[in-house]
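Participant: So that we are looking at the same thing, I have put the structure below in structure tokens.
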Amino acid sequence: MTPSASLKSGKVSSAIWPSLFSGQGLRRRRAWLCAGAAALLLSACATPQKISGLGEGPAFERAGRFALNVSNANGQREALQGGFAWRDTGRLLVLDLANPLGSILARIDVSPSSATLTRSDGRIEQAPNPDALVEEVLGSPMPVRGLRGWLQGQVGDSAVSELKKDEEGHISGFTQDGWRVRLSRYDAEGPRLLQMNRSDTSRDISVRLVVDES
């Protein structure tokens, strides 16, 4: 189901929830996707359906919930919460991002040469890589390229420091590409809890992923 079809299905009205991909981004407004007070827990968000019907043979798949929090140097705090579905064939990656009730708000398609975002209203944006695209839309980084390895309990090709493993030999922590990463709650596919943090001169960024399905 395409993002626009999902929103038109009647599962949830787009007027109820502020769009995660309205183009305003975290820099322009505070966008809480979970209903209620700002302290609402990540567990209240629904997990979107798995991505299917895309061909390309076997793929690594995960689905769950995310929370993105930013603490700015001026004292302002901003946050987004929602659900995600992930399908990675090794060559092609598809990432769906959803509102708390599980309706798809946007899809990111990643090929070896480009990344494309399709918004719920059908508008399309492109960037050289998915990290640049997510930051352009959200106003804050999310390490999509790194997650291709991290979701499978791997560290990828770039330099790694502070590598740690748990008692079972799983990678449990490291620093890579400016992100401090903690992996835990492993199943046969990889970690089911990922905590990622980074800091720069103007803000502290925290991204938390909880995997519900594989």
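Ordered as shown in the structure tokens, chains take letters A, B, and onward, while each chain numbers its residues from 1 and ligands are numbered from 1 in the order shown.
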List as a PyMOL selection string the protein and nucleic acid residues near A:Val211, meaning an atom at most 8 Å away when only C-alpha atoms are counted, but skip any in the same chain fewer than 3 places from it.
Facilitator: chain A and resi 62-65+191-193+214
Participant: With N, CA, C and O atoms retained, export the selected residues as a PDB file, in the first residue's frame.
Facilitator:
ATOM      1  N   ARG A  62      12.333  -5.796   9.451  1.00  0.00           N
ATOM      2  CA  ARG A  62      12.030  -5.459  10.841  1.00  0.00           C
ATOM      3  C   ARG A  62      10.875  -4.463  10.842  1.00  0.00           C
ATOM      4  O   ARG A  62      10.671  -3.714   9.880  1.00  0.00           O
ATOM      5  N   ALA A  63      10.137  -4.425  11.941  1.00  0.00           N
ATOM      6  CA  ALA A  63       9.085  -3.429  12.124  1.00  0.00           C
ATOM      7  C   ALA A  63       8.985  -3.115  13.601  1.00  0.00           C
ATOM      8  O   ALA A  63       9.198  -3.984  14.449  1.00  0.00           O
ATOM      9  N   GLY A  64       8.676  -1.871  13.918  1.00  0.00           N
ATOM     10  CA  GLY A  64       8.590  -1.493  15.322  1.00  0.00           C
ATOM     11  C   GLY A  64       8.239  -0.033  15.493  1.00  0.00           C
ATOM     12  O   GLY A  64       7.503   0.547  14.697  1.00  0.00           O
ATOM     13  N   ARG A  65       8.798   0.573  16.542  1.00  0.00           N
ATOM     14  CA  ARG A  65       8.474   1.953  16.908  1.00  0.00           C
ATOM     15  C   ARG A  65       9.752   2.763  17.081  1.00  0.00           C
ATOM     16  O   ARG A  65      10.797   2.210  17.406  1.00  0.00           O
ATOM     17  N   PRO A 191      19.406  -7.086  17.229  1.00  0.00           N
ATOM     18  CA  PRO A 191      18.905  -6.414  18.428  1.00  0.00           C
ATOM     19  C   PRO A 191      17.465  -5.953  18.252  1.00  0.00           C
ATOM     20  O   PRO A 191      17.063  -5.543  17.166  1.00  0.00           O
ATOM     21  N   ARG A 192      16.713  -6.002  19.341  1.00  0.00           N
ATOM     22  CA  ARG A 192      15.337  -5.513  19.306  1.00  0.00           C
ATOM     23  C   ARG A 192      15.193  -4.172  20.016  1.00  0.00           C
ATOM     24  O   ARG A 192      14.117  -3.583  20.021  1.00  0.00           O
ATOM     25  N   LEU A 193      16.281  -3.694  20.601  1.00  0.00           N
ATOM     26  CA  LEU A 193      16.311  -2.356  21.190  1.00  0.00           C
ATOM     27  C   LEU A 193      17.595  -1.676  20.761  1.00  0.00           C
ATOM     28  O   LEU A 193      18.692  -2.198  20.974  1.00  0.00           O
ATOM     29  N   SER A 214       9.802  -9.194  12.996  1.00  0.00           N
ATOM     30  CA  SER A 214      10.889  -9.418  12.044  1.00  0.00           C
ATOM     31  C   SER A 214      10.422 -10.379  10.969  1.00  0.00           C
ATOM     32  O   SER A 214       9.319 -10.908  11.037  1.00  0.00           O
TER      33      SER A 214
END
Participant: Which of these residues is nearest to A:Arg198, using only C-alpha atoms: A:Leu68, A:Ile124, A:Leu117, A:Ala59?
Facilitator: A:Leu68
Participant: Find the residues near A:Leu151: any atom within 8 Å, counting only C-alpha atoms, skip ones fewer than 2 places away on the same chain, and give them as a list in words.
Facilitator: Leu147, Arg148, Gly149, Gly153, Gln154, Gly190, Pro191, Arg192 and Leu194 of chain A
Participant: Write the selection just made, keeping C-alpha atoms, as a PDB file, in the first residue's frame?
Facilitator:
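Okay, result.pdb is ready:
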ATOM      1  CA  LEU A 147      21.093   1.220  10.690  1.00  0.00           C
ATOM      2  CA  ARG A 148      21.495  -1.109   7.714  1.00  0.00           C
ATOM      3  CA  GLY A 149      24.182  -2.847   9.751  1.00  0.00           C
ATOM      4  CA  GLY A 153      23.932  -6.477  15.074  1.00  0.00           C
ATOM      5  CA  GLN A 154      26.793  -5.432  12.783  1.00  0.00           C
ATOM      6  CA  GLY A 190      19.521  -8.925  15.624  1.00  0.00           C
ATOM      7  CA  PRO A 191      18.905  -6.414  18.428  1.00  0.00           C
ATOM      8  CA  ARG A 192      15.337  -5.513  19.306  1.00  0.00           C
ATOM      9  CA  LEU A 194      18.620   0.268  19.683  1.00  0.00           C
TER      10      LEU A 194
END
Participant: Any idea what's packed within 12 Å of A:Lys165, counting only C-alpha atoms, ignoring anything in its chain fewer than 6 positions away? Could you give it as a list in words?
Facilitator: Gly153, Gln154, Val155, Ile171, Ser172, Gly173, Phe174, Arg182, Leu183, Ser184 and Tyr186 of chain A
Participant: Measuring atom to atom with only C-alpha atoms, identify which of A:Asp187, A:Asp177, A:Asp204, A:Glu162 is nearest to A:Asp131.
Facilitator: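 Distance minimum relative to A:Asp131 lands on A:Asp177.
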Participant: Could you pull out the strand (DSSP E) residues of stretch 21-203 of chain A, going by DSSP on the backbone, and write them as a ChimeraX atom specification?
Facilitator: /A:60-72,77-88,93-98,104-110,115-119,124-127,160-165,171-176,179-186,191-199,203
Participant: Would you kindly return, as a count of residues only, each protein, DNA or RNA residue with an atom no farther than 8 Å from any atom of A:Lys50, considering only C-alpha atoms and excluding same-chain residues fewer than 2 positions away?
Facilitator: 7
Participant: List as a ChimeraX atom specification the protein and nucleic acid residues near A:Val94, meaning an atom at most 8 Å away when only C-alpha atoms are counted, but skip any in the same chain fewer than 4 places from it.
Facilitator: /A:51,86-88,107-110
Participant: As a list in words, please: the residues near A:Ala98 (cut-off 6 Å, only C-alpha atoms, same-chain neighbours under 4 positions excluded).
Facilitator: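 Result of the neighbour search: Gly82, Gly83, Phe84, Gly102, Ser103, Ile104 and Leu105 of chain A.
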Participant: Using only C-alpha atoms for the distances, tell me which of A:Asn74, A:Asn69, A:Ala159, A:Glu135 is nearest to A:Arg208.
Facilitator: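 Ranking A:Asn74, A:Asn69, A:Ala159, A:Glu135 by distance to A:Arg208, first place goes to A:Asn69.
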Participant: Of the candidates A:Ala79, A:Met142, A:Ile205, A:Ala115, which one gets nearest to A:Leu92 if we count only C-alpha atoms?
Facilitator: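 Checking each of A:Ala79, A:Met142, A:Ile205, A:Ala115 against A:Leu92, counting only C-alpha atoms, the winner is A:Ala115.
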Participant: Pick the closest to A:Gly146 from A:Ala188, A:Val181, A:Leu97, A:Ala127: which is it, counting only C-alpha atoms?
Facilitator: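 Distance minimum relative to A:Gly146 lands on A:Val181.
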Participant: With distances taken over only C-alpha atoms, which residue among A:Leu80, A:Leu163, A:Ala67, A:Ala132 lies nearest A:Leu209?
Facilitator: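 Result for the nearest residue to A:Leu209: A:Ala67.
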Participant: Just to confirm, what's the straight-line distance from atom CA of A:Gln176 to atom CA of A:Gly156 in Å (one decimal)?
Facilitator: 9.1 Å
Participant: Quick one: distance from atom CA of A:Ser120 to atom CA of A:Gln76 in Å, one decimal?
Facilitator: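 Going from atom CA of A:Ser120 over to atom CA of A:Gln76, I get 28.3 Å.
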Participant: Figure out the distance between atom CA of A:Ala106 and atom CA of A:Arg91, please, to one decimal in Å.
Facilitator: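 A separation of 20.4 Å between them.
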